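Novice: My file is model21.cif. It has mmCIF, C-alpha atoms (C1' of nucleotides):
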data_start
#
loop_
_atom_site.label_atom_id
_atom_site.label_comp_id
_atom_site.auth_asym_id
_atom_site.auth_seq_id
_atom_site.Cartn_x
_atom_site.Cartn_y
_atom_site.Cartn_z
CA MET N 860 -12.65 -18.74 23.53
CA LYS N 861 -13.73 -15.67 21.69
CA THR N 862 -14.97 -12.41 23.12
CA ILE N 863 -16.77 -10.30 20.55
CA VAL N 864 -18.25 -6.87 21.20
CA ILE N 865 -21.00 -5.32 19.13
CA CYS N 866 -21.38 -1.62 19.87
CA GLY N 867 -22.66 1.55 18.25
CA ALA N 868 -25.40 4.10 18.61
CA THR N 869 -28.95 3.26 19.53
CA ALA N 870 -31.25 1.95 16.81
CA THR N 871 -28.49 0.76 14.54
CA GLY N 872 -29.49 -2.88 14.85
CA LYS N 873 -26.96 -4.21 17.35
CA SER N 874 -29.21 -6.68 19.14
CA ASP N 875 -30.30 -8.50 16.00
CA LEU N 876 -26.77 -8.79 14.73
CA ALA N 877 -25.65 -10.12 18.09
CA VAL N 878 -28.20 -12.91 18.03
CA SER N 879 -27.40 -14.02 14.53
CA LEU N 880 -23.71 -13.84 15.26
CA ALA N 881 -24.11 -15.85 18.46
CA ASN N 882 -25.92 -18.49 16.46
CA GLU N 883 -23.08 -18.73 14.00
CA ILE N 884 -20.22 -18.94 16.44
CA ASP N 885 -21.88 -20.84 19.29
CA ALA N 886 -21.91 -17.96 21.71
CA GLU N 887 -23.93 -16.60 24.57
CA ILE N 888 -24.79 -12.95 24.89
CA ILE N 889 -23.98 -10.41 27.55
CA ASN N 890 -26.05 -7.27 27.61
CA ALA N 891 -24.09 -4.02 27.79
CA ASP N 892 -27.01 -1.67 27.87
CA SER N 893 -27.43 0.09 31.19
CA MET N 894 -31.21 0.23 30.95
CA GLN N 895 -31.92 -3.26 29.68
CA LEU N 896 -30.66 -4.46 33.03
CA TYR N 897 -34.02 -3.60 34.51
CA ARG N 898 -36.95 -5.95 34.67
CA GLY N 899 -40.10 -4.50 33.26
CA MET N 900 -38.33 -1.99 31.08
CA ASP N 901 -38.94 -3.79 27.83
CA ILE N 902 -40.75 -1.71 25.26
CA GLY N 903 -38.90 1.52 25.96
CA THR N 904 -35.46 -0.05 25.91
CA ALA N 905 -36.23 -1.96 22.71
CA LYS N 906 -35.35 -5.16 24.50
CA LEU N 907 -35.45 -8.29 22.36
CA THR N 908 -38.41 -10.53 23.17
CA ALA N 909 -37.73 -14.07 24.31
CA ALA N 910 -38.65 -15.27 20.84
CA GLU N 911 -36.31 -12.82 19.17
CA ARG N 912 -33.47 -14.03 21.33
CA GLY N 913 -33.70 -17.26 19.38
CA GLY N 914 -32.74 -19.51 22.25
CA ILE N 915 -29.45 -17.75 22.86
CA PRO N 916 -28.88 -17.27 26.59
CA HIS N 917 -28.71 -13.57 27.49
CA HIS N 918 -26.80 -12.53 30.57
CA LEU N 919 -27.20 -9.33 32.55
CA LEU N 920 -30.59 -8.77 31.08
CA ASP N 921 -33.58 -8.36 33.41
CA VAL N 922 -31.48 -8.63 36.51
CA LEU N 923 -32.51 -5.59 38.52
CA ASP N 924 -35.71 -4.07 39.84
CA VAL N 925 -36.28 -0.51 38.76
CA THR N 926 -35.86 0.59 42.34
CA GLU N 927 -32.32 -0.79 42.43
CA ASP N 928 -29.61 1.38 40.97
CA ALA N 929 -27.09 -0.13 38.64
CA THR N 930 -23.49 1.02 38.95
CA VAL N 931 -20.51 0.50 36.68
CA ALA N 932 -18.47 -1.19 39.37
CA TRP N 933 -21.16 -3.75 40.00
CA TYR N 934 -21.68 -4.24 36.29
CA GLN N 935 -17.98 -4.72 35.71
CA SER N 936 -17.61 -7.64 38.07
CA ALA N 937 -20.94 -9.21 37.15
CA ALA N 938 -20.09 -9.07 33.46
CA ARG N 939 -16.60 -10.45 33.93
CA ASP N 940 -17.99 -13.30 36.03
CA ALA N 941 -20.47 -14.04 33.28
CA ILE N 942 -17.70 -14.14 30.69
CA SER N 943 -15.61 -16.53 32.78
CA ASP N 944 -18.62 -18.71 33.26
CA ILE N 945 -19.51 -18.80 29.57
CA HIS N 946 -15.97 -19.49 28.51
CA ALA N 947 -15.62 -22.18 31.15
CA ARG N 948 -18.52 -23.95 29.54
CA GLY N 949 -16.72 -23.87 26.23
CA LYS N 950 -18.84 -21.21 24.61
CA ASN N 951 -17.92 -17.93 23.00
CA THR N 952 -19.16 -14.58 24.25
CA VAL N 953 -20.87 -11.77 22.41
CA ILE N 954 -21.22 -8.53 24.32
CA VAL N 955 -23.83 -6.16 22.90
CA GLY N 956 -24.90 -2.74 23.94
CA GLY N 957 -24.63 0.97 23.61
CA THR N 958 -23.34 1.86 27.03
CA GLY N 959 -19.76 2.73 26.22
CA LEU N 960 -18.52 3.01 29.77
CA TYR N 961 -19.89 -0.43 30.62
CA ILE N 962 -18.13 -2.02 27.68
CA LYS N 963 -14.92 -0.25 28.54
CA ALA N 964 -15.29 -1.32 32.18
CA ILE N 965 -15.36 -4.94 31.06
CA LEU N 966 -12.53 -4.77 28.56
CA ASP N 967 -10.11 -2.36 30.13
CA ASP N 968 -8.27 -2.30 33.37
CA LEU N 969 -10.53 0.11 35.15
CA ASN N 970 -10.59 0.06 38.91
CA PHE N 971 -13.48 1.81 40.50
CA PRO N 972 -12.64 3.07 43.96
CA ASP N 973 -15.29 2.57 46.62
CA THR N 974 -18.22 4.77 47.26
CA ASP N 975 -19.73 5.89 50.52
CA PRO N 976 -23.30 7.13 50.57
CA LEU N 977 -22.70 9.17 53.70
CA VAL N 978 -19.67 10.97 52.34
CA ARG N 979 -21.43 11.55 49.09
CA GLU N 980 -24.51 12.90 50.77
CA ARG N 981 -22.45 15.29 52.81
CA LEU N 982 -20.59 16.55 49.75
CA ASN N 983 -23.85 16.96 47.91
CA LYS N 984 -25.24 19.04 50.70
CA GLU N 985 -22.09 21.08 50.80
CA ALA N 986 -22.39 21.76 47.10
CA GLU N 987 -25.97 22.88 47.56
CA ASP N 988 -25.22 25.09 50.53
CA PHE N 989 -22.00 26.69 49.44
CA GLY N 990 -21.80 26.05 45.72
CA VAL N 991 -19.54 23.87 43.61
CA ALA N 992 -16.88 26.53 43.38
CA LYS N 993 -16.03 25.89 47.02
CA LEU N 994 -15.70 22.17 46.43
CA PHE N 995 -13.72 22.72 43.29
CA GLU N 996 -11.24 24.87 45.15
CA ARG N 997 -10.69 22.01 47.53
CA LEU N 998 -10.20 19.63 44.65
CA GLN N 999 -7.60 21.96 43.16
CA LEU N 1000 -5.74 21.81 46.41
CA LEU N 1001 -5.99 18.09 47.03
CA ASP N 1002 -5.64 16.85 43.48
CA PRO N 1003 -4.56 19.42 40.90
CA ALA N 1004 -4.47 16.84 38.13
CA ALA N 1005 -8.09 15.87 38.68
CA ALA N 1006 -9.12 19.50 38.97
CA ALA N 1007 -7.47 20.21 35.66
CA ALA N 1008 -9.38 17.42 33.97
CA ILE N 1009 -12.80 18.01 35.45
CA ASN N 1010 -14.95 20.96 34.51
CA ILE N 1011 -15.93 23.09 37.46
CA GLN N 1012 -19.55 23.06 36.35
CA ASN N 1013 -19.73 19.30 36.44
CA VAL N 1014 -20.93 18.96 40.00
CA ARG N 1015 -21.35 15.23 39.85
CA ARG N 1016 -17.79 14.58 38.83
CA VAL N 1017 -16.31 17.11 41.23
CA ILE N 1018 -18.14 15.42 44.07
CA ARG N 1019 -17.11 11.94 43.03
CA ALA N 1020 -13.47 13.00 42.84
CA LEU N 1021 -13.59 14.44 46.33
CA GLU N 1022 -15.41 11.39 47.58
CA VAL N 1023 -12.71 9.08 46.26
CA ILE N 1024 -9.94 11.19 47.70
CA GLU N 1025 -11.63 11.24 51.06
CA ILE N 1026 -12.31 7.51 51.19
CA THR N 1027 -9.06 6.23 49.75
CA GLY N 1028 -6.67 8.97 50.66
CA GLN N 1029 -5.42 8.65 47.09
CA PRO N 1030 -5.73 11.10 44.24
CA PHE N 1031 -8.59 10.55 41.83
CA THR N 1032 -7.72 9.37 38.35
CA ALA N 1033 -9.75 11.75 36.28
CA ASN N 1034 -9.00 10.37 32.85
CA LEU N 1035 -9.92 7.07 31.36
CA PRO N 1036 -7.06 5.01 30.01
CA ARG N 1037 -7.09 4.73 26.25
CA GLU N 1038 -6.59 1.52 24.31
CA ASP N 1039 -3.61 0.06 26.05
CA SER N 1040 -5.01 -1.63 29.11
CA SER N 1041 -7.12 -4.45 27.79
CA LYS N 1042 -8.11 -7.25 30.15
CA TYR N 1043 -9.20 -9.31 27.18
CA PRO N 1044 -6.47 -8.73 24.61
CA ASP N 1045 -8.12 -11.09 22.14
CA ALA N 1046 -11.47 -9.35 22.24
CA MET N 1047 -12.68 -7.92 18.97
CA GLN N 1048 -14.96 -4.91 18.84
CA PHE N 1049 -17.30 -4.18 16.00
CA GLY N 1050 -19.21 -0.94 15.66
CA LEU N 1051 -22.34 -0.29 13.67
CA VAL N 1052 -22.73 3.07 11.98
CA MET N 1053 -25.46 4.71 10.04
CA ASP N 1054 -25.68 8.17 8.58
CA ARG N 1055 -27.53 10.70 10.68
CA GLU N 1056 -30.59 11.09 8.51
CA LYS N 1057 -31.16 7.39 8.33
CA LEU N 1058 -30.62 7.03 12.04
CA THR N 1059 -33.05 9.85 12.82
CA GLU N 1060 -35.67 8.16 10.68
CA ARG N 1061 -35.14 4.89 12.49
CA ILE N 1062 -35.27 6.55 15.89
CA ASP N 1063 -38.52 8.33 15.05
CA ALA N 1064 -40.07 5.14 13.76
CA ARG N 1065 -38.90 3.21 16.77
CA VAL N 1066 -40.36 5.69 19.24
CA ASP N 1067 -43.67 5.67 17.38
CA LEU N 1068 -43.65 1.90 17.59
CA MET N 1069 -42.90 1.99 21.31
CA TRP N 1070 -45.98 4.08 21.84
CA GLU N 1071 -48.08 1.73 19.73
CA ARG N 1072 -46.82 -1.21 21.71
CA GLY N 1073 -47.87 0.37 24.97
CA LEU N 1074 -44.93 2.21 26.45
CA VAL N 1075 -47.26 4.40 28.48
CA ALA N 1076 -48.88 1.38 30.11
CA GLU N 1077 -45.46 -0.11 30.75
CA VAL N 1078 -44.36 3.03 32.53
CA ASP N 1079 -47.60 3.15 34.52
CA ALA N 1080 -46.84 -0.32 35.82
CA LEU N 1081 -43.32 0.73 36.75
CA ILE N 1082 -44.58 3.84 38.50
CA ALA N 1083 -46.64 1.50 40.65
CA GLU N 1084 -43.44 -0.39 41.39
CA GLY N 1085 -41.72 2.79 42.51
CA ILE N 1086 -39.58 3.75 39.54
CA THR N 1087 -39.98 7.42 40.37
CA LYS N 1088 -38.08 6.88 43.60
CA ALA N 1089 -35.12 5.31 41.83
CA THR N 1090 -32.27 7.50 40.71
CA THR N 1091 -31.19 5.66 37.58
CA ALA N 1092 -34.07 3.86 35.90
CA ARG N 1093 -36.39 6.82 35.95
CA ARG N 1094 -34.02 8.81 33.76
CA ALA N 1095 -34.19 6.35 30.90
CA LEU N 1096 -35.23 7.73 27.55
CA GLY N 1097 -38.95 7.49 27.06
CA TYR N 1098 -39.51 6.59 30.70
CA ALA N 1099 -38.50 10.01 31.99
CA GLN N 1100 -40.79 11.65 29.46
CA VAL N 1101 -43.80 9.48 30.22
CA ILE N 1102 -43.22 10.00 33.93
CA SER N 1103 -43.33 13.77 33.52
CA MET N 1104 -46.41 13.39 31.34
CA ARG N 1105 -48.08 11.39 34.11
CA SER N 1106 -47.18 14.05 36.64
CA GLY N 1107 -48.97 16.53 34.41
CA GLU N 1108 -45.94 18.51 33.33
CA ILE N 1109 -46.17 17.81 29.63
CA SER N 1110 -48.71 16.51 27.13
CA GLU N 1111 -48.51 13.06 25.64
CA GLU N 1112 -47.69 14.51 22.25
CA LEU N 1113 -44.81 16.45 23.73
CA ALA N 1114 -43.62 13.43 25.69
CA LYS N 1115 -43.33 11.52 22.47
CA GLU N 1116 -41.54 14.33 20.66
CA GLU N 1117 -39.16 14.86 23.54
CA THR N 1118 -38.36 11.17 23.59
CA LYS N 1119 -37.38 11.30 19.94
CA ARG N 1120 -35.31 14.40 20.45
CA ALA N 1121 -33.52 13.06 23.52
CA THR N 1122 -32.83 9.78 21.76
CA ARG N 1123 -31.26 11.62 18.85
CA GLN N 1124 -29.00 13.49 21.22
CA TYR N 1125 -28.13 10.28 22.99
CA ALA N 1126 -27.13 8.66 19.72
CA ARG N 1127 -24.75 11.55 19.09
CA ARG N 1128 -23.11 11.13 22.47
CA GLN N 1129 -22.72 7.43 21.82
CA GLU N 1130 -21.02 8.11 18.52
CA THR N 1131 -18.63 10.51 20.19
CA TRP N 1132 -17.80 7.96 22.84
CA PHE N 1133 -17.18 5.04 20.52
CA SER N 1134 -15.35 7.11 17.98
CA ARG N 1135 -12.38 7.48 20.26
CA ASP N 1136 -11.73 3.79 20.69
CA ALA N 1137 -9.34 2.88 17.90
CA ARG N 1138 -9.84 -0.82 18.46
CA ILE N 1139 -13.34 -0.78 17.12
CA GLN N 1140 -13.72 -2.09 13.59
CA TRP N 1141 -16.54 -0.20 11.98
CA ILE N 1142 -18.97 -1.98 9.74
CA SER N 1143 -20.16 0.43 7.11
CA PRO N 1144 -23.86 0.64 6.30
CA ILE N 1145 -23.37 -0.93 2.90
CA GLN N 1146 -21.50 -3.98 4.12
CA PRO N 1147 -23.42 -7.17 4.91
CA ARG N 1148 -23.05 -7.14 8.65
CA LEU N 1149 -23.04 -10.73 9.71
CA GLU N 1150 -20.86 -11.84 6.82
CA THR N 1151 -18.37 -9.05 7.35
CA VAL N 1152 -18.05 -9.72 11.04
CA LEU N 1153 -17.68 -13.46 10.55
CA GLU N 1154 -15.05 -12.89 7.93
CA LYS N 1155 -13.03 -10.66 10.21
CA ILE N 1156 -13.33 -13.08 13.09
CA ASN N 1157 -12.21 -15.99 10.96
CA SER N 1158 -9.31 -14.20 9.39
CA ARG N 1159 -8.17 -13.25 12.87
CA SER N 1160 -8.22 -16.81 14.23
CA LYS N 1161 -6.09 -18.14 11.41
"C1'" G S 1291 -65.29 50.77 10.14
"C1'" G S 1292 -62.73 52.93 14.94
"C1'" C S 1293 -58.87 52.49 18.78
"C1'" G S 1294 -54.76 49.78 20.85
"C1'" G S 1295 -50.79 45.74 20.67
"C1'" G S 1296 -47.58 43.00 17.61
"C1'" U S 1297 -44.16 41.34 13.20
"C1'" U S 1298 -36.33 40.05 15.50
"C1'" G S 1299 -31.50 35.14 13.16
"C1'" C S 1300 -33.93 27.40 12.00
"C1'" C S 1301 -37.89 27.99 16.35
"C1'" C S 1302 -39.34 30.65 20.89
"C1'" G S 1303 -38.00 35.23 22.75
"C1'" A S 1304 -35.09 39.97 24.82
"C1'" G S 1305 -33.51 44.60 22.93
"C1'" C S 1306 -36.48 50.07 22.09
"C1'" G S 1307 -31.11 55.94 18.63
"C1'" G S 1308 -24.54 54.74 19.05
"C1'" C S 1309 -21.17 49.96 23.47
"C1'" C S 1310 -25.94 45.17 18.23
"C1'" A S 1311 -24.60 40.12 14.10
"C1'" A S 1312 -28.06 41.73 18.16
"C1'" U S 1313 -29.17 38.94 25.97
"C1'" G S 1314 -31.69 34.10 27.02
"C1'" G S 1315 -33.66 29.37 25.89
"C1'" G S 1316 -34.65 25.41 22.35
"C1'" A S 1317 -33.26 22.79 17.97
"C1'" G S 1318 -28.73 21.54 15.22
"C1'" G S 1319 -23.29 20.49 15.18
"C1'" G S 1320 -18.63 19.25 17.83
"C1'" G S 1321 -16.29 17.40 22.32
"C1'" A S 1322 -15.29 15.48 27.36
"C1'" C S 1323 -16.17 11.27 30.26
"C1'" U S 1324 -13.31 5.75 36.11
"C1'" G S 1325 -19.43 3.77 41.16
"C1'" U S 1326 -26.60 7.92 38.43
"C1'" A S 1327 -23.20 6.90 32.02
"C1'" A S 1328 -30.21 6.46 28.13
"C1'" A S 1329 -26.34 10.17 33.41
"C1'" U S 1330 -23.36 14.63 34.01
"C1'" C S 1331 -20.68 18.52 31.74
"C1'" C S 1332 -18.04 21.84 28.03
"C1'" C S 1333 -17.58 24.39 23.23
"C1'" C S 1334 -19.67 26.24 18.41
"C1'" C S 1335 -23.84 28.07 16.14
"C1'" G S 1336 -25.60 34.79 9.75
"C1'" G S 1337 -21.72 34.95 5.76
"C1'" C S 1338 -16.71 35.96 4.26
"C1'" U S 1339 -10.70 36.69 1.17
"C1'" C S 1340 -12.04 36.89 9.32
"C1'" U S 1341 -7.61 41.69 14.48
"C1'" G S 1342 -11.58 43.59 9.39
"C1'" C S 1343 -15.58 43.47 5.90
"C1'" C S 1344 -20.51 42.18 4.01
"C1'" U S 1345 -25.85 40.95 4.52
"C1'" U S 1346 -29.72 40.56 8.61
"C1'" C S 1347 -34.35 42.58 13.05
"C1'" G S 1348 -42.30 42.13 8.09
"C1'" A S 1349 -41.88 45.56 3.13
"C1'" A S 1350 -40.81 50.31 0.96
"C1'" G S 1351 -39.51 55.19 1.81
"C1'" G S 1352 -37.81 59.11 5.30
"C1'" U S 1353 -35.32 61.72 9.72
"C1'" U S 1354 -30.21 61.47 11.80
"C1'" C S 1355 -23.14 61.94 11.76
"C1'" A S 1356 -25.51 57.10 13.42
"C1'" A S 1357 -31.77 53.22 13.35
"C1'" A S 1358 -33.74 46.50 15.12
"C1'" U S 1359 -34.71 50.94 17.97
"C1'" C S 1360 -37.79 57.57 15.66
"C1'" C S 1361 -41.47 59.13 11.44
"C1'" U S 1362 -44.69 57.81 7.01
"C1'" U S 1363 -47.19 54.41 3.96
"C1'" C S 1364 -48.23 49.28 2.89
"C1'" A S 1365 -48.90 43.90 4.22
"C1'" C S 1366 -50.13 40.26 7.75
"C1'" C S 1367 -51.43 38.75 12.97
"C1'" C S 1368 -53.80 39.83 17.87
"C1'" G S 1369 -57.14 42.44 21.48
"C1'" C S 1370 -61.08 45.90 22.61
"C1'" C S 1371 -65.12 49.03 20.61
"C1'" A S 1372 -68.74 48.85 16.38
#
How does this structure look as structure tokens?

Specialist:
Amino acid sequence: MKTIVICGATATGKSDLAVSLANEIDAEIINADSMQLYRGMDIGTAKLTAAERGGIPHHLLDVLDVTEDATVAWYQSAARDAISDIHARGKNTVIVGGTGLYIKAILDDLNFPDTDPLVRERLNKEAEDFGVAKLFERLQLLDPAAAAAINIQNVRRVIRALEVIEITGQPFTANLPREDSSKYPDAMQFGLVMDREKLTERIDARVDLMWERGLVAEVDALIAEGITKATTARRALGYAQVISMRSGEISEELAKEETKRATRQYARRQETWFSRDARIQWISPIQPRLETVLEKINSRSK
RNA sequence: GGCGGGUUGCCCGAGCGGCCAAUGGGAGGGGACUGUAAAUCCCCCGGCUCUGCCUUCGAAGGUUCAAAUCCUUCACCCGCCA
């Protein structure tokens, strides 16, 4: 059974390609977008409507309330279970999304050590009270390799490293493995690219459309459901901006502009992330996407 | 018409005779990345034949060994008085 990944920056047209591809190769789709996991976050995440999904079953889509926080570890096992299930039913799998770490967590041999809210909370408090420098010093002592790889300013990562060391008694692996640890050696990854100017245009247009379609109302509904108390969902592009607009911090016009700006920056980070995975086969903007992907898949299976 | 304040690099905004190509922030570009990843963090950011040189701080003159910083005139913007 095939495992195909469609990745790339936001607004490059991944979702549509995934559906048409799934149709062609008798596949089901697994969402690899950290924000499309949430129910009710539809307009702002550019989630495909039921009609647009064209009857293709989508997994890991609409599976969490906005008050629940997704984590990579949870996603990893849920996604792998979904793949096993799909393959067991004799279908192929298409994984689509822009969350690089999530895709990598599925494909590669990443083991996420446990987490402990209490330990984390204590470390957080320590960082606030005494500063990260203090914590970083400890990290240097306990795990020089991790300290060398993590920037002292990156509080979140310093804390996580210390948390892992404390819970497991083992050093923290601070670097992701590169391409040599695949759990699904037959998986094929395809990346969609677009030149910056074109992408910026598409992002701007998409954000305008989100507003027209009622993003503000969507966020209002989620605020009522408690999204502001969540730690993950409320940071989503567009949602964070509308939330701060509703709290009176910024105007609606600014919220919209900021959403476009933040989305542009996000797209850049995505490109950086995906660009380091040599396994990805990039589909250039001038190539017919579906045809090119099908061709590559077929030539591989021969 | 009179008096006062302002004009700084793509934008906002410090600087107020030498240590200034000029603090900060934003935008833009590059990069990192193992339980918040649409997150978090780092680097670059006038030009060049790049341990130095050249062109920048509204414009044009001037003072000085030396000016974004002082003086003069002009242009535009802002406030108060008419």

Novice: Let me know the residues the PyMOL selection byres ((chain S) within 10 of (chain N)) catches in the file above, as a PyMOL selection string.

Specialist: chain S and resi 1317+1319-1332

Novice: What residues come out when you apply the PyMOL selection byres ((chain S and resi 1309-1315) around 7) to this file, written as a PyMOL selection string?

Specialist: chain S and resi 1304+1316+1336

Novice: To one decimal place in Å, what is the distance between CA of Gln1100 (chain N) and CA of Lys1115 (chain N)?

Specialist: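 One can read the CA of Gln1100 (chain N) to CA of Lys1115 (chain N) distance as 7.4 Å.
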
Novice: Counting only C-alpha atoms (C1' of nucleotides), what is within 12 Å of G1351 (chain S), bar same-chain residues fewer than 2 positions away, as an MDAnalysis selection string?

Specialist: chainID S and resid 1349 1353 1361:1364

Novice: Under the PyMOL selection byres ((chain S and resi 1292-1303) around 6), which residues of this model are included? Write them out as an MDAnalysis selection string.

Specialist: chainID S and resid 1291 1304 1347:1348

Novice: May I ask for the distance between CA of Ala881 (chain N) and CA of Ile1142 (chain N), given in Å to one decimal place?

Specialist: 17.2 Å

Novice: Just give me the gap between CA of Ile1156 (chain N) and CA of Ser1134 (chain N) in Å, one decimal is fine.

Specialist: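 If I compute the distance from CA of Ile1156 (chain N) to CA of Ser1134 (chain N), I get 20.9 Å.
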
Novice: Smallest atom-to-atom distance to Asn882 (chain N): which of N:Gln999, N:Thr952, N:Gln935, N:Thr1118, using only C-alpha atoms?

Specialist: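 With only C-alpha atoms as the atom set, the closest residue is N:Thr952.
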
Novice: Counting all atoms listed in the file, which of N:Gly1085, N:Gly990, N:Pro1147, N:Gly913 gets nearest to Glu887 (chain N)?

Specialist: N:Gly913

Novice: For region 915-922 of chain N, list every protein, DNA or RNA residue within 7 Å, evaluated using all atoms listed in the file, and leave out those in the same chain fewer than 6 positions away; present the list as a ChimeraX atom specification.

Specialist: /N:878,887-890,895-898

Novice: Of the candidates N:Lys861, N:Lys1088, N:Arg979, N:Arg1037, which one gets nearest to Phe1133 (chain N) if we count all atoms listed in the file?

Specialist: N:Arg1037

Novice: Within 12 Å of Lys1057 (chain N), counting only C-alpha atoms (C1' of nucleotides), which residues qualify if same-chain residues fewer than 3 places away don't, as a PyMOL selection string?

Specialist: chain N and resi 870-871+1052-1054+1060-1064+1123+1144

Novice: Quick one: residues within 12 Å of G1337 (chain S), all atoms listed in the file counted, chain neighbours fewer than 4 positions away excluded, as a PDB file with C-alpha atoms (C1' of nucleotides), in the frame of the given file?

Specialist:
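Okay, out-v9.pdb is ready:
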ATOM      1  C1'   A S1311     -24.600  40.120  14.100  1.00  0.00           C
ATOM      2  C1'   C S1343     -15.580  43.470   5.900  1.00  0.00           C
ATOM      3  C1'   C S1344     -20.510  42.180   4.010  1.00  0.00           C
ATOM      4  C1'   U S1345     -25.850  40.950   4.520  1.00  0.00           C
ATOM      5  C1'   U S1346     -29.720  40.560   8.610  1.00  0.00           C
TER       6        U S1346
END

Novice: Can you pull out every residue within 12 Å of Leu1153 (chain N), counting only C-alpha atoms (C1' of nucleotides), but drop anything in the same chain fewer than 6 positions away, and send it as a JSON list (two decimals) with C-alpha atoms, in the coordinates of the input?

Specialist:
[["chain", "number", "residue", "atom", "x", "y", "z"],
["N", 863, "ILE", "CA", -16.77, -10.30, 20.55],
["N", 876, "LEU", "CA", -26.77, -8.79, 14.73],
["N", 877, "ALA", "CA", -25.65, -10.12, 18.09],
["N", 879, "SER", "CA", -27.40, -14.02, 14.53],
["N", 880, "LEU", "CA", -23.71, -13.84, 15.26],
["N", 881, "ALA", "CA", -24.11, -15.85, 18.46],
["N", 882, "ASN", "CA", -25.92, -18.49, 16.46],
["N", 883, "GLU", "CA", -23.08, -18.73, 14.00],
["N", 884, "ILE", "CA", -20.22, -18.94, 16.44],
["N", 1047, "MET", "CA", -12.68, -7.92, 18.97],
["N", 1049, "PHE", "CA", -17.30, -4.18, 16.00],
["N", 1142, "ILE", "CA", -18.97, -1.98, 9.74],
["N", 1147, "PRO", "CA", -23.42, -7.17, 4.91],
["N", 1159, "ARG", "CA", -8.17, -13.25, 12.87],
["N", 1160, "SER", "CA", -8.22, -16.81, 14.23]]

Novice: For region 1117-1132 of chain N, which lacks atoms in the input, supply N, CA and C atoms and format the output as a compact mmCIF listing (two decimals), keeping the file's coordinate frame.

Specialist:
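So the final result, stored in rebuild-v9.txt, reads:
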# COMPACT_ATOMS: atom_id res chain seq x y z
N GLU N 1117 -40.35 14.71 22.71
CA GLU N 1117 -39.16 14.86 23.54
C GLU N 1117 -38.35 13.57 23.58
N THR N 1118 -39.05 12.45 23.57
CA THR N 1118 -38.36 11.17 23.59
C THR N 1118 -37.53 11.00 22.31
N LYS N 1119 -38.12 11.40 21.21
CA LYS N 1119 -37.38 11.30 19.94
C LYS N 1119 -36.16 12.21 19.96
N ARG N 1120 -36.39 13.43 20.40
CA ARG N 1120 -35.31 14.40 20.45
C ARG N 1120 -34.17 13.92 21.36
N ALA N 1121 -34.53 13.50 22.56
CA ALA N 1121 -33.52 13.06 23.52
C ALA N 1121 -32.77 11.83 23.01
N THR N 1122 -33.48 10.99 22.29
CA THR N 1122 -32.83 9.78 21.76
C THR N 1122 -31.82 10.15 20.68
N ARG N 1123 -32.19 11.14 19.87
CA ARG N 1123 -31.26 11.62 18.85
C ARG N 1123 -29.98 12.14 19.50
N GLN N 1124 -30.15 12.92 20.55
CA GLN N 1124 -29.00 13.49 21.22
C GLN N 1124 -28.15 12.40 21.87
N TYR N 1125 -28.83 11.41 22.38
CA TYR N 1125 -28.13 10.28 22.99
C TYR N 1125 -27.27 9.57 21.95
N ALA N 1126 -27.86 9.35 20.79
CA ALA N 1126 -27.13 8.66 19.72
C ALA N 1126 -25.85 9.42 19.38
N ARG N 1127 -25.94 10.75 19.39
CA ARG N 1127 -24.75 11.55 19.09
C ARG N 1127 -23.66 11.33 20.14
N ARG N 1128 -24.08 11.34 21.40
CA ARG N 1128 -23.11 11.13 22.47
C ARG N 1128 -22.47 9.75 22.35
N GLN N 1129 -23.28 8.77 21.98
CA GLN N 1129 -22.72 7.43 21.82
C GLN N 1129 -21.68 7.42 20.72
N GLU N 1130 -21.98 8.08 19.62
CA GLU N 1130 -21.02 8.11 18.52
C GLU N 1130 -19.71 8.76 18.96
N THR N 1131 -19.84 9.84 19.71
CA THR N 1131 -18.63 10.51 20.19
C THR N 1131 -17.82 9.55 21.05
N TRP N 1132 -18.50 8.88 21.95
CA TRP N 1132 -17.80 7.96 22.84
C TRP N 1132 -17.06 6.88 22.06
